[in-house]
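> This is my_file.txt (compact mmCIF, C-alpha atoms).
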```txt
# COMPACT_ATOMS: atom_id res chain seq x y z
CA MET D 71 -6.42 56.19 23.83
CA ALA D 72 -7.24 53.76 21.03
CA GLN D 73 -10.10 51.42 21.79
CA VAL D 74 -8.98 47.89 20.86
CA LYS D 75 -11.35 45.03 20.17
CA PHE D 76 -10.45 41.43 19.32
CA THR D 77 -12.16 38.63 17.48
CA PRO D 78 -13.67 36.32 20.11
CA ASN D 79 -11.79 33.47 18.43
CA LEU D 80 -8.58 34.61 20.11
CA ARG D 81 -10.10 33.95 23.53
CA ARG D 82 -9.58 30.25 22.89
CA PHE D 83 -5.87 30.88 23.31
CA PHE D 84 -6.03 33.86 25.68
CA PRO D 85 -9.07 33.23 27.88
CA ASP D 86 -8.87 36.53 29.73
CA LEU D 87 -8.57 38.57 26.57
CA CYS D 88 -10.85 41.61 26.63
CA ASP D 89 -11.41 44.90 24.92
CA CYS D 90 -8.95 47.50 26.14
CA ALA D 91 -7.80 51.07 25.75
CA VAL D 92 -4.21 51.56 24.60
CA GLU D 93 -2.07 54.67 24.39
CA ALA D 94 -0.61 54.34 20.90
CA ALA D 95 0.53 56.38 17.92
CA THR D 96 0.50 53.47 15.47
CA VAL D 97 -0.96 50.02 15.07
CA ALA D 98 2.51 48.59 15.74
CA ASP D 99 2.40 50.31 19.14
CA ILE D 100 -0.94 48.67 19.84
CA ILE D 101 0.37 45.19 19.06
CA ALA D 102 3.38 45.75 21.29
CA ALA D 103 1.15 46.95 24.11
CA VAL D 104 -1.33 44.11 23.97
CA ASP D 105 1.54 41.61 23.71
CA GLN D 106 2.88 43.00 26.97
CA ARG D 107 -0.44 42.44 28.65
CA TRP D 108 -1.14 39.03 27.10
CA ARG D 109 2.27 37.42 26.58
CA GLY D 110 2.53 35.75 23.18
CA LEU D 111 -0.55 37.41 21.72
CA GLY D 112 1.58 39.40 19.31
CA ASP D 113 2.83 36.19 17.68
CA TYR D 114 -0.76 35.32 16.81
CA ILE D 115 -1.27 38.61 14.97
CA ILE D 116 2.11 39.33 13.37
CA ASP D 117 5.06 37.19 12.29
CA GLU D 118 8.64 37.52 13.47
CA ARG D 119 9.29 40.25 10.90
CA GLY D 120 6.46 42.32 12.33
CA CYS D 121 4.22 41.75 9.32
CA LEU D 122 0.51 41.16 9.72
CA ARG D 123 -0.22 37.45 9.34
CA LYS D 124 -1.71 36.60 5.98
CA HIS D 125 -5.12 35.65 7.28
CA VAL D 126 -5.53 38.34 9.91
CA ASN D 127 -7.10 41.73 9.31
CA ILE D 128 -7.00 44.90 11.33
CA PHE D 129 -9.51 47.70 10.96
CA VAL D 130 -8.42 51.17 12.02
CA GLY D 131 -11.69 52.96 12.36
CA ASP D 132 -13.59 51.85 9.28
CA GLN D 133 -10.48 51.34 7.17
CA LEU D 134 -8.48 48.17 6.63
CA LEU D 135 -4.88 48.44 7.74
CA GLN D 136 -2.79 49.94 4.96
CA ASP D 137 0.74 49.02 6.00
CA LYS D 138 0.66 45.27 6.49
CA THR D 139 4.44 44.96 6.70
CA GLY D 140 5.24 47.72 9.16
CA LEU D 141 1.90 48.41 10.86
CA SER D 142 2.76 52.09 10.70
CA ASP D 143 -0.84 53.28 10.21
CA SER D 144 -1.38 56.10 12.63
CA VAL D 145 -4.04 55.87 15.29
CA ALA D 146 -5.86 58.97 16.39
CA ALA D 147 -7.18 59.33 19.91
CA ASP D 148 -10.31 57.30 20.58
CA THR D 149 -10.01 55.43 17.29
CA ARG D 150 -11.58 52.03 17.41
CA VAL D 151 -9.15 49.33 16.27
CA ILE D 152 -10.55 45.87 15.58
CA ILE D 153 -8.37 42.76 15.16
CA VAL D 154 -10.17 40.03 13.25
CA GLN D 155 -9.37 36.87 11.39
CA ALA D 156 -9.73 37.06 7.66
CA LEU D 157 -12.30 34.77 6.13
CA SER D 158 -10.74 31.63 4.78
CA GLY D 159 -12.04 28.24 3.91
CA GLY D 160 -11.76 24.68 5.00
CA MET M 127 3.01 -4.40 22.81
CA HIS M 128 3.07 -0.62 22.64
CA ASN M 129 -0.21 0.84 23.64
CA LYS M 130 -0.54 4.41 22.41
CA LEU M 131 -0.51 6.23 19.10
CA LEU M 132 -0.34 9.94 18.36
CA VAL M 133 -2.34 10.85 15.28
CA GLY M 134 -2.05 14.38 13.88
CA THR M 135 -4.95 15.39 11.65
CA ARG M 136 -6.21 18.49 9.91
CA LYS M 137 -8.77 18.90 12.68
CA GLY M 138 -6.75 18.07 15.76
CA LEU M 139 -4.65 15.49 17.58
CA LEU M 140 -5.99 12.10 18.56
CA ILE M 141 -4.40 9.82 21.13
CA LEU M 142 -5.27 6.19 20.52
CA ALA M 143 -4.74 3.56 23.18
CA ARG M 144 -5.26 -0.12 23.68
CA ASP M 145 -5.08 -2.24 26.76
CA GLY M 146 -5.01 -5.81 25.59
CA GLY M 147 -8.01 -5.39 23.28
CA GLU M 148 -8.60 -3.22 20.24
CA TRP M 149 -7.34 0.32 19.77
CA GLU M 150 -9.69 3.05 20.85
CA ILE M 151 -9.58 6.80 20.57
CA GLU M 152 -8.67 7.77 24.11
CA SER M 153 -8.65 11.54 23.78
CA ALA M 154 -8.79 14.42 21.31
CA HIS M 155 -6.82 17.66 21.55
CA PHE M 156 -6.62 20.97 19.67
CA GLU M 157 -10.04 20.44 18.16
CA ALA M 158 -10.39 21.89 14.66
CA ILE M 159 -6.72 22.99 14.54
CA PRO M 160 -4.39 21.30 12.03
CA VAL M 161 -1.78 19.18 13.83
CA VAL M 162 1.09 18.70 11.43
CA TYR M 163 3.20 16.37 13.57
CA ALA M 164 3.15 14.89 17.05
CA MET M 165 5.73 12.78 18.81
CA HIS M 166 6.68 11.31 22.16
CA ASP M 167 10.12 12.15 23.47
CA ARG M 168 11.13 8.91 25.16
CA ARG M 169 13.99 10.61 27.00
CA THR M 170 11.77 12.95 28.95
CA GLY M 171 8.27 11.55 28.53
CA SER M 172 7.12 14.82 26.99
CA LEU M 173 4.70 14.92 24.09
CA TRP M 174 5.18 17.49 21.34
CA ALA M 175 2.73 18.73 18.75
CA SER M 176 3.23 21.11 15.86
CA LEU M 177 0.13 23.15 15.05
CA ASP M 178 -0.59 25.03 11.85
CA HIS M 179 -3.22 27.56 12.70
CA GLY M 180 -4.75 28.83 9.53
CA HIS M 181 -4.88 32.34 10.89
CA TRP M 182 -2.46 32.63 13.76
CA GLY M 183 0.72 30.93 12.48
CA GLY M 184 2.61 27.80 13.37
CA LYS M 185 2.80 26.95 17.06
CA LEU M 186 4.48 24.34 19.24
CA GLN M 187 2.72 22.64 22.11
CA ARG M 188 4.27 20.48 24.82
CA SER M 189 2.65 18.14 27.32
CA GLN M 190 4.51 16.86 30.34
CA ASP M 191 1.64 14.76 31.68
CA GLY M 192 0.97 12.38 28.82
CA GLY M 193 -1.43 14.70 27.05
CA ALA M 194 -3.68 15.59 29.97
CA SER M 195 -2.62 19.22 29.62
CA TRP M 196 -0.66 21.15 27.03
CA GLN M 197 1.40 24.31 27.16
CA GLU M 198 2.37 26.45 24.21
CA VAL M 199 6.08 27.15 23.90
CA ALA M 200 7.48 29.91 21.75
CA ALA M 201 7.76 28.70 18.17
CA PRO M 202 11.11 28.99 16.40
CA LYS M 203 11.76 32.37 14.82
CA TYR M 204 14.07 33.25 11.99
CA PRO M 205 16.64 35.93 12.83
CA GLU M 206 16.29 39.40 11.43
CA GLY M 207 17.70 39.68 7.94
CA ALA M 208 17.11 36.03 7.02
CA THR M 209 15.56 35.59 3.58
CA CYS M 210 13.95 32.64 1.85
CA PRO M 211 15.70 30.38 -0.61
CA PRO M 212 16.09 30.18 -3.50
CA ASP M 213 16.02 33.87 -4.50
CA PHE M 214 16.48 35.44 -1.07
CA THR M 215 14.11 38.34 -1.73
CA THR M 216 11.38 37.41 0.77
CA PRO M 217 11.97 37.81 4.50
CA ALA M 218 12.10 34.39 6.17
CA THR M 219 9.47 33.55 8.76
CA THR M 220 8.44 30.24 10.25
CA SER M 221 5.60 29.42 7.89
CA TYR M 222 5.26 25.71 8.75
CA ILE M 223 6.69 23.47 11.45
CA TRP M 224 7.20 20.16 9.70
CA ILE M 225 8.77 18.06 12.41
CA VAL M 226 10.04 18.00 15.99
CA GLU M 227 12.66 15.42 16.94
CA PRO M 228 14.57 14.65 20.15
CA GLY M 229 18.33 15.00 20.36
CA GLY M 230 20.41 12.06 21.48
CA ALA M 231 19.87 10.08 24.65
CA ASP M 232 22.97 11.71 26.11
CA GLU M 233 21.59 15.24 25.58
CA PRO M 234 18.11 15.24 27.14
CA ASP M 235 17.62 18.99 26.81
CA ARG M 236 18.28 19.07 23.08
CA LEU M 237 15.51 19.15 20.48
CA TYR M 238 15.48 19.76 16.76
CA VAL M 239 12.73 21.37 14.73
CA GLY M 240 12.48 21.32 10.94
CA THR M 241 10.59 24.17 9.31
CA GLU M 242 9.55 25.80 6.08
CA PRO M 243 11.29 27.83 4.54
CA GLY M 244 14.14 25.40 5.11
CA GLY M 245 15.56 26.20 8.54
CA LEU M 246 16.65 23.63 11.10
CA PHE M 247 16.30 24.90 14.66
CA ILE M 248 17.91 23.58 17.82
CA SER M 249 16.91 23.91 21.43
CA GLU M 250 19.35 23.33 24.27
CA ASP M 251 16.81 23.92 27.03
CA GLY M 252 14.17 21.31 26.46
CA GLY M 253 12.25 23.40 23.97
CA ASP M 254 11.90 26.63 25.93
CA SER M 255 13.86 28.43 23.22
CA PHE M 256 15.15 27.67 19.73
CA GLN M 257 17.99 28.96 17.59
CA LEU M 258 18.41 28.64 13.84
CA VAL M 259 21.25 26.30 12.83
CA GLU M 260 22.99 28.92 10.73
CA SER M 261 25.65 26.54 9.41
CA LEU M 262 23.03 24.60 7.45
CA TRP M 263 20.79 27.57 6.64
CA ASN M 264 23.78 29.33 5.02
CA ASP M 265 25.00 26.29 3.11
CA PRO M 266 26.48 27.37 -0.24
CA GLY M 267 24.00 25.10 -2.02
CA ASN M 268 20.94 26.79 -0.57
CA SER M 269 20.21 28.77 -3.75
CA GLN M 270 19.24 25.40 -5.24
CA TRP M 271 16.69 24.60 -2.54
CA PHE M 272 13.09 25.37 -3.46
CA GLY M 273 9.53 24.63 -2.56
CA GLY M 274 7.68 21.56 -3.76
CA GLY M 275 3.98 21.49 -3.02
CA ARG M 276 4.53 24.39 -0.65
CA ASP M 277 5.97 27.81 -1.32
CA TYR M 278 9.41 27.19 0.15
CA PRO M 279 11.73 24.30 1.01
CA GLY M 280 11.07 22.43 4.21
CA ILE M 281 13.06 20.22 6.55
CA CYS M 282 10.83 17.17 6.86
CA ALA M 283 13.27 14.58 8.22
CA ILE M 284 15.75 14.69 11.11
CA GLN M 285 17.63 11.56 12.18
CA VAL M 286 20.02 11.63 15.14
CA ASP M 287 22.43 8.69 15.22
CA PRO M 288 21.86 6.73 18.44
CA ARG M 289 25.57 5.80 18.45
CA ASP M 290 26.78 9.38 18.12
CA SER M 291 24.53 12.37 18.75
CA ARG M 292 26.85 14.59 16.71
CA HIS M 293 25.97 12.61 13.58
CA ILE M 294 22.70 14.02 12.25
CA THR M 295 21.01 13.45 8.91
CA VAL M 296 18.34 15.81 7.62
CA GLY M 297 16.16 15.76 4.55
CA ILE M 298 15.24 19.01 2.81
CA SER M 299 12.27 18.87 0.48
CA VAL M 300 13.30 20.24 -1.99
CA GLY M 301 17.07 20.39 -1.52
CA GLY M 302 18.36 16.97 -0.61
CA VAL M 303 20.03 15.06 2.19
CA TYR M 304 22.54 16.81 4.41
CA VAL M 305 24.70 15.23 7.08
CA THR M 306 26.75 16.63 9.92
CA GLU M 307 29.25 14.59 11.89
CA ASP M 308 30.31 17.37 14.23
CA GLY M 309 27.08 18.32 15.91
CA GLY M 310 26.04 20.83 13.28
CA GLU M 311 29.23 22.85 12.92
CA SER M 312 29.57 21.73 9.31
CA TRP M 313 27.31 19.97 6.84
CA GLN M 314 27.83 17.87 3.76
CA ALA M 315 25.27 17.25 1.01
CA ARG M 316 24.95 13.53 0.38
CA ASN M 317 22.81 12.93 -2.68
CA ARG M 318 25.00 10.87 -4.98
CA GLY M 319 22.95 8.25 -6.76
CA LEU M 320 19.65 10.09 -6.41
CA TYR M 321 17.66 11.10 -9.42
CA ALA M 322 15.41 14.10 -10.02
CA ASP M 323 13.50 14.03 -13.30
CA TYR M 324 12.40 17.67 -12.86
CA LEU M 325 15.98 19.07 -12.90
CA PRO M 326 18.02 20.01 -15.98
CA ASP M 327 20.68 17.72 -14.56
CA PRO M 328 18.74 14.90 -12.89
CA TYR M 329 21.84 13.79 -11.02
CA ALA M 330 22.65 17.20 -9.55
CA GLU M 331 23.97 17.03 -6.00
CA ILE M 332 21.53 19.70 -4.79
CA GLY M 333 17.87 19.96 -5.69
CA GLN M 334 16.84 16.39 -4.92
CA ASP M 335 13.53 15.85 -3.17
CA PRO M 336 13.57 13.41 -0.27
CA HIS M 337 9.98 13.28 0.93
CA ILE M 338 11.21 11.43 4.01
CA VAL M 339 14.53 9.98 5.17
CA LEU M 340 14.88 7.37 7.92
CA ALA M 341 17.89 5.57 9.40
CA SER M 342 17.60 1.91 10.34
CA PRO M 343 17.68 1.79 14.15
CA SER M 344 19.70 -1.43 14.18
CA ASN M 345 22.33 0.01 11.83
CA PRO M 346 22.04 3.79 11.45
CA ASP M 347 24.46 3.82 8.53
CA VAL M 348 21.63 2.28 6.52
CA LEU M 349 19.47 5.14 5.27
CA TRP M 350 16.23 4.84 3.34
CA GLN M 351 14.31 7.54 1.56
CA GLN M 352 11.02 7.82 -0.18
CA ASN M 353 11.94 10.40 -2.75
CA HIS M 354 9.77 12.32 -5.20
CA CYS M 355 11.38 10.28 -7.97
CA GLY M 356 11.61 6.84 -6.40
CA LEU M 357 12.84 4.82 -3.45
CA PHE M 358 16.48 4.90 -2.50
CA ARG M 359 18.69 3.18 0.07
CA SER M 360 22.22 3.80 1.25
CA SER M 361 24.38 1.48 3.33
CA ASP M 362 27.13 4.04 3.96
CA ALA M 363 25.34 6.88 5.73
CA GLY M 364 24.22 8.54 2.52
CA ARG M 365 27.54 8.71 0.66
CA GLN M 366 26.07 6.61 -2.13
CA TRP M 367 22.39 5.98 -2.77
CA HIS M 368 20.92 3.07 -4.72
CA ASP M 369 17.60 3.07 -6.50
CA ILE M 370 15.41 0.38 -4.94
CA SER M 371 12.21 1.32 -6.74
CA ASP M 372 10.44 -1.64 -8.23
CA PRO M 373 10.68 -1.14 -12.02
CA THR M 374 7.84 -3.53 -12.71
CA GLY M 375 5.84 -3.17 -9.53
CA LEU M 376 4.34 -0.57 -7.30
CA PRO M 377 7.04 1.02 -5.09
CA GLY M 378 8.24 4.20 -6.72
CA PHE M 379 6.32 7.38 -6.11
CA GLY M 380 4.92 7.99 -2.65
CA PHE M 381 5.47 9.79 0.59
CA ALA M 382 5.39 7.47 3.59
CA LEU M 383 8.08 5.12 4.85
CA ALA M 384 8.55 2.98 7.96
CA LEU M 385 11.46 0.78 9.03
CA ASP M 386 11.89 -2.31 11.12
CA ALA M 387 13.74 -1.55 14.34
CA GLN M 388 15.62 -4.84 14.40
CA ASP M 389 16.29 -5.63 10.74
CA GLU M 390 18.01 -3.16 8.44
CA GLN M 391 16.69 -5.06 5.41
CA VAL M 392 13.02 -4.40 6.17
CA ALA M 393 10.92 -1.38 5.20
CA TRP M 394 7.33 -0.51 4.34
CA VAL M 395 6.07 2.09 1.87
CA ALA M 396 2.68 3.33 0.63
CA PRO M 397 2.89 3.67 -3.17
CA ALA M 398 0.88 6.01 -5.34
CA VAL M 399 0.75 6.21 -9.12
CA SER M 400 3.02 9.18 -9.78
CA ALA M 401 3.60 12.83 -9.06
CA GLU M 402 1.04 13.68 -11.75
CA TYR M 403 -1.52 11.10 -10.54
CA ARG M 404 -1.51 11.20 -6.78
CA VAL M 405 -3.92 8.35 -6.24
CA PRO M 406 -3.41 4.71 -5.25
CA VAL M 407 -2.40 2.44 -8.11
CA GLU M 408 -5.59 1.19 -9.77
CA ARG M 409 -7.48 2.91 -6.91
CA ALA M 410 -6.53 0.05 -4.59
CA LEU M 411 -4.88 0.80 -1.25
CA VAL M 412 -1.69 -1.16 -0.70
CA ILE M 413 1.32 -1.16 1.59
CA CYS M 414 4.50 -2.73 0.20
CA ARG M 415 7.22 -4.38 2.25
CA THR M 416 10.73 -5.43 1.43
CA ASP M 417 12.58 -8.01 3.52
CA ASP M 418 15.79 -7.89 1.52
CA GLY M 419 16.90 -4.27 1.45
CA GLY M 420 14.74 -3.31 -1.49
CA ARG M 421 15.75 -6.03 -3.95
CA SER M 422 12.19 -7.32 -3.94
CA TRP M 423 8.84 -6.05 -2.71
CA GLN M 424 5.59 -7.72 -1.79
CA SER M 425 2.20 -6.08 -1.85
CA LEU M 426 0.15 -6.26 1.33
CA ARG M 427 -3.53 -5.74 0.62
CA LYS M 428 -5.53 -7.96 2.96
CA GLY M 429 -8.06 -5.84 4.77
CA LEU M 430 -7.43 -2.72 2.68
CA PRO M 431 -9.99 -1.33 0.19
CA GLN M 432 -9.27 -2.52 -3.33
CA GLN M 433 -11.56 -0.37 -5.43
CA HIS M 434 -12.67 3.24 -5.72
CA CYS M 435 -10.02 4.24 -3.25
CA TYR M 436 -8.38 7.67 -3.30
CA ASP M 437 -6.45 7.50 -0.03
CA LEU M 438 -2.85 8.72 0.04
CA VAL M 439 -0.52 8.34 2.99
CA PHE M 440 1.45 11.49 3.76
CA ARG M 441 5.14 11.42 4.63
CA HIS M 442 4.73 11.12 8.39
CA GLY M 443 1.53 9.08 8.18
CA LEU M 444 2.96 5.55 8.59
CA ASP M 445 4.80 4.09 11.55
CA ALA M 446 6.00 0.68 12.72
CA GLN M 447 6.81 -0.71 16.13
CA GLY M 448 7.71 -4.35 16.49
CA ASP M 449 5.26 -6.35 14.41
CA SER M 450 2.67 -3.56 14.57
CA LEU M 451 2.04 -0.93 11.93
CA ALA M 452 -0.36 1.94 11.71
CA PHE M 453 -1.20 4.48 9.05
CA GLY M 454 -3.73 7.18 8.39
CA THR M 455 -4.77 8.59 5.04
CA THR M 456 -5.75 11.77 3.28
CA ALA M 457 -9.33 10.47 3.18
CA GLY M 458 -9.47 10.19 6.97
CA ASN M 459 -9.23 6.42 7.22
CA PHE M 460 -7.01 4.73 9.77
CA TYR M 461 -5.57 1.22 9.52
CA VAL M 462 -3.52 -1.00 11.81
CA SER M 463 -1.75 -4.34 11.46
CA ASP M 464 -0.32 -6.66 14.10
CA ASP M 465 1.42 -9.02 11.70
CA ARG M 466 3.93 -6.82 9.87
CA GLY M 467 1.36 -5.76 7.32
CA ALA M 468 0.17 -9.21 6.26
CA SER M 469 -3.34 -8.19 7.26
CA TRP M 470 -4.96 -4.90 8.12
CA ARG M 471 -8.06 -3.72 9.83
CA CYS M 472 -9.71 -0.33 9.63
CA LEU M 473 -10.02 1.26 13.04
CA VAL M 474 -11.97 4.31 12.05
CA ASN M 475 -13.27 6.17 9.02
CA ASN M 476 -14.27 9.77 8.65
CA LEU M 477 -11.33 11.39 10.37
CA ALA M 478 -9.95 14.56 8.88
CA VAL M 479 -6.87 14.34 6.65
CA VAL M 480 -4.20 12.46 8.60
CA TYR M 481 -0.81 14.19 8.62
CA SER M 482 1.19 12.12 11.07
CA VAL M 483 1.10 8.82 12.92
CA ARG M 484 3.63 7.99 15.59
CA TYR M 485 3.73 5.28 18.22
CA MET M 486 4.46 6.49 21.72
```
Can you present the structure in this file as structure tokens?

Amino acid sequence: MAQVKFTPNLRRFFPDLCDCAVEAATVADIIAAVDQRWRGLGDYIIDERGCLRKHVNIFVGDQLLQDKTGLSDSVAADTRVIIVQALSGG
Amino acid sequence: MHNKLLVGTRKGLLILARDGGEWEIESAHFEAIPVVYAMHDRRTGSLWASLDHGHWGGKLQRSQDGGASWQEVAAPKYPEGATCPPDFTTPATTSYIWIVEPGGADEPDRLYVGTEPGGLFISEDGGDSFQLVESLWNDPGNSQWFGGGRDYPGICAIQVDPRDSRHITVGISVGGVYVTEDGGESWQARNRGLYADYLPDPYAEIGQDPHIVLASPSNPDVLWQQNHCGLFRSSDAGRQWHDISDPTGLPGFGFALALDAQDEQVAWVAPAVSAEYRVPVERALVICRTDDGGRSWQSLRKGLPQQHCYDLVFRHGLDAQGDSLAFGTTAGNFYVSDDRGASWRCLVNNLAVVYSVRYM
């Protein structure tokens, strides 16, 4: 099970958002799973083409997500996956 | 006397109210989130706000209790396979929600949403779901739409004819004015008489840049537009446009436009120097009004700063209702008038950039 953590900033829109364990082979699977649990959350992370939003980052273990258009990066068991907002100004 | 204003800013939505006295900020919503546009649907009483989260994408919010509480509704989504004009190599996604407008009074569940990269969306269920208006999106002229100031074209103006809800006029920036008379089954570009100094053929039918298009409520065949290259007016529903820029005065370049509800000859604009110099003329803030359909303009300055002023008024940042006007600026200043612009007073400074101002 991947261990999924979220930036606390997303709790503004999903107040009961919490770290969770997800059975997933890829990052795309993780987004689909968390969107099932928190309806609409997926739209905050990816666009309607399934691409990672421009100012969102995902770490798979210690590595930044490689496939930002398909989210096909594989997720090994017990990998920690962190969804964060990219730093941007203004 | 209307008593509420919706003010969309880069750092949230403000609702201003007045009860016989002066306007006051009654409430603030979506703190720190850019609110691109907010409007009151008079048919249903609902409030709508378009949000542009820097990180999380464009969202739509609806309030059915006058702003006391808000609910997010699913934002419009482009269908799979859609690609962005003009080169159609980039997958289309809703990158900005420019405007939300009600359908006609006889269709209370219908809403329209104008987006970047150029898609018009329609809802038939009060905003619970939206579908792309494919007939306009696939217009043969769409390879001549392009972005201006943003990456892709955007639908920034939607006008539904109060006499006939099937007659809809939209403005695409950059693309031009399009009109349907059959409820969106077919569309016609109506840009004759417009001028675009940035095009190889300045009089090309497609590729014009209407910053905003409004129809006179008392005669919806009278259209006005503040265009990138001047001010234009049509008295035949856009079939022929006439340049009403002031060749020796201020009205020409700008973004904002407001119309008188009762008199099709009256409009207000907020001029700036030019596309290259987006500052007030001689750094003095001014609103200009015509009372004769654009043949002449008068400058209204009383109460507005007349030196060292860098305020611009964005395309949805000026509104009129009766004798009252209100506008907000890029420098976070907010002005109102109760005498058709003859005099102004500053309600508040130090807001964030103001994107939209609409009376409720």
> What's the separation between CA of Lys75 (chain D) and CA of Gln197 (chain M), in Å to one decimal place?
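Going from CA of Lys75 (chain D) over to CA of Gln197 (chain M) covers 25.3 Å.
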> Give me the residues of chain D that have any atom at most 9 Å from an atom of chain M; for each, the nearest atom pair and the distance in Å, rounded to one decimal. Use only C-alpha atoms, sort by chain and number, and format it as JSON lines.

```
{"residue": "D:Gly110", "atom": "CA", "partner": "M:Ala200", "partner_atom": "CA", "distance": 7.8}
{"residue": "D:Asp113", "atom": "CA", "partner": "M:Trp182", "partner_atom": "CA", "distance": 7.5}
{"residue": "D:Tyr114", "atom": "CA", "partner": "M:Trp182", "partner_atom": "CA", "distance": 4.4}
{"residue": "D:Ile115", "atom": "CA", "partner": "M:Trp182", "partner_atom": "CA", "distance": 6.2}
{"residue": "D:Ile116", "atom": "CA", "partner": "M:Trp182", "partner_atom": "CA", "distance": 8.1}
{"residue": "D:Asp117", "atom": "CA", "partner": "M:Thr219", "partner_atom": "CA", "distance": 6.7}
{"residue": "D:Glu118", "atom": "CA", "partner": "M:Lys203", "partner_atom": "CA", "distance": 6.2}
{"residue": "D:Arg119", "atom": "CA", "partner": "M:Thr219", "partner_atom": "CA", "distance": 7.0}
{"residue": "D:Arg123", "atom": "CA", "partner": "M:Trp182", "partner_atom": "CA", "distance": 6.9}
{"residue": "D:Lys124", "atom": "CA", "partner": "M:His181", "partner_atom": "CA", "distance": 7.2}
{"residue": "D:His125", "atom": "CA", "partner": "M:His181", "partner_atom": "CA", "distance": 4.9}
{"residue": "D:Val126", "atom": "CA", "partner": "M:His181", "partner_atom": "CA", "distance": 6.1}
{"residue": "D:Gln155", "atom": "CA", "partner": "M:His181", "partner_atom": "CA", "distance": 6.4}
{"residue": "D:Ala156", "atom": "CA", "partner": "M:His181", "partner_atom": "CA", "distance": 7.5}
{"residue": "D:Ser158", "atom": "CA", "partner": "M:Gly180", "partner_atom": "CA", "distance": 8.1}
```
> Could you name the residues that touch Cys90 (chain D) at 10 Å or less, counting all atoms listed in the file, but leaving out those on the same chain fewer than 5 positions away, as a list in words?
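Residues meeting the cut-off are Met71, Ala72, Gln73, Val74, Lys75, Phe76 and Val104 of chain D.
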> Create the file for the chosen residues now, containing C-alpha atoms and written as a PDB file, keeping the file's coordinate frame.

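Writing the result to out.pdb gives the following:
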```
ATOM      1  CA  MET D  71      -6.420  56.190  23.830  1.00  0.00           C
ATOM      2  CA  ALA D  72      -7.240  53.760  21.030  1.00  0.00           C
ATOM      3  CA  GLN D  73     -10.100  51.420  21.790  1.00  0.00           C
ATOM      4  CA  VAL D  74      -8.980  47.890  20.860  1.00  0.00           C
ATOM      5  CA  LYS D  75     -11.350  45.030  20.170  1.00  0.00           C
ATOM      6  CA  PHE D  76     -10.450  41.430  19.320  1.00  0.00           C
ATOM      7  CA  VAL D 104      -1.330  44.110  23.970  1.00  0.00           C
TER       8      VAL D 104
END
```
> Could you work out an axis-aligned box for region 132-145 of chain D, taking every atom the file lists and adding 3 Å on each side, and report centre and edge lengths in Å to one decimal, as AutoDock Vina command-line options?

```
--center_x -4.2 --center_y 50.5 --center_z 10.1 --size_x 24.8 --size_y 17.1 --size_z 16.3
```
> One decimal, in Å: what's the spacing between CA of Leu122 (chain D) and CA of Gly253 (chain M)?
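One can read the CA of Leu122 (chain D) to CA of Gly253 (chain M) distance as 25.6 Å.
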> I'd like the contact shell of Gly140 (chain D) - 9 Å cut-off, only C-alpha atoms, skipping same-chain residues fewer than 3 positions apart - returned as a PDB file with C-alpha atoms, in the frame of the given file.

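Listing of result33.pdb after writing:
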```pdb
ATOM      1  CA  VAL D  97      -0.960  50.020  15.070  1.00  0.00           C
ATOM      2  CA  ALA D  98       2.510  48.590  15.740  1.00  0.00           C
ATOM      3  CA  ARG D 119       9.290  40.250  10.900  1.00  0.00           C
ATOM      4  CA  GLY D 120       6.460  42.320  12.330  1.00  0.00           C
ATOM      5  CA  CYS D 121       4.220  41.750   9.320  1.00  0.00           C
ATOM      6  CA  LEU D 122       0.510  41.160   9.720  1.00  0.00           C
ATOM      7  CA  ASP D 137       0.740  49.020   6.000  1.00  0.00           C
ATOM      8  CA  ASP D 143      -0.840  53.280  10.210  1.00  0.00           C
TER       9      ASP D 143
END
```
> Hey, which of M:Ser344, M:Gln388, M:Ser269, M:Gln334 ends up closest to Leu320 (chain M)? Count all atoms listed in the file.
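Between M:Ser344, M:Gln388, M:Ser269, M:Gln334, the residue approaching Leu320 (chain M) most closely is M:Gln334.
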> Given all atoms listed in the file as the basis, pick out the residue of M:Leu340, M:Ile223, M:Ala158, M:Ala382 nearest to Phe440 (chain M).
M:Ala382
> I need the residue nearest Ala146 (chain D) from this list: D:Ala102, D:Asn127, D:Glu93, D:Arg109. Use only C-alpha atoms for the distance.
D:Glu93
> What does the structure give for the distance between CA of Lys130 (chain M) and CA of Trp149 (chain M), in Å to one decimal?
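Rounded to one decimal, the two atoms are 8.4 Å apart.
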> Up to 12 Å from (8.1, 23.2, 13.7) in the file's coordinates: name the residues, counting only C-alpha atoms, as number ranges by chain.
M: 161-165, 174-178, 183-187, 199-204, 219-227, 237-249, 253, 256, 258, 280-284
> Just checking: using all atoms listed in the file, which residue out of D:Thr77, D:Gly112, D:Val154, D:Arg107 ends up closest to Ala91 (chain D)?
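Between D:Thr77, D:Gly112, D:Val154, D:Arg107, the residue approaching Ala91 (chain D) most closely is D:Arg107.
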> Would you pick out the contacts of Met486 (chain M) at 10 Å or less, using all atoms listed in the file, so that residues sharing its chain but fewer than 5 positions from it are not included, and give the list as a list in words?
His128, Asn129, Lys130, Leu131, Leu132, Ile141, Leu142, Ala143, Ala164, Met165, His166, Asp167, Arg168, Gly171, Leu173, Gly192 and Gln447 of chain M
> Please provide the set of residues having any atom within 10 Å of Thr416 (chain M), restricted to all atoms listed in the file, with same-chain residues fewer than 5 positions apart removed, written as a list in words.
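After dropping sequence-adjacent residues, the list is Ile370, Pro377, Leu385, Gln391, Val392, Ala393, Trp394, Val395, Arg421, Ser422, Trp423, Gln424 and Ser425 of chain M.
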> Around (-8.7, 54.6, 16.2) in the file's frame, which residues reach within 7 Å when counting all atoms listed in the file? Return as a count of residues only?
11
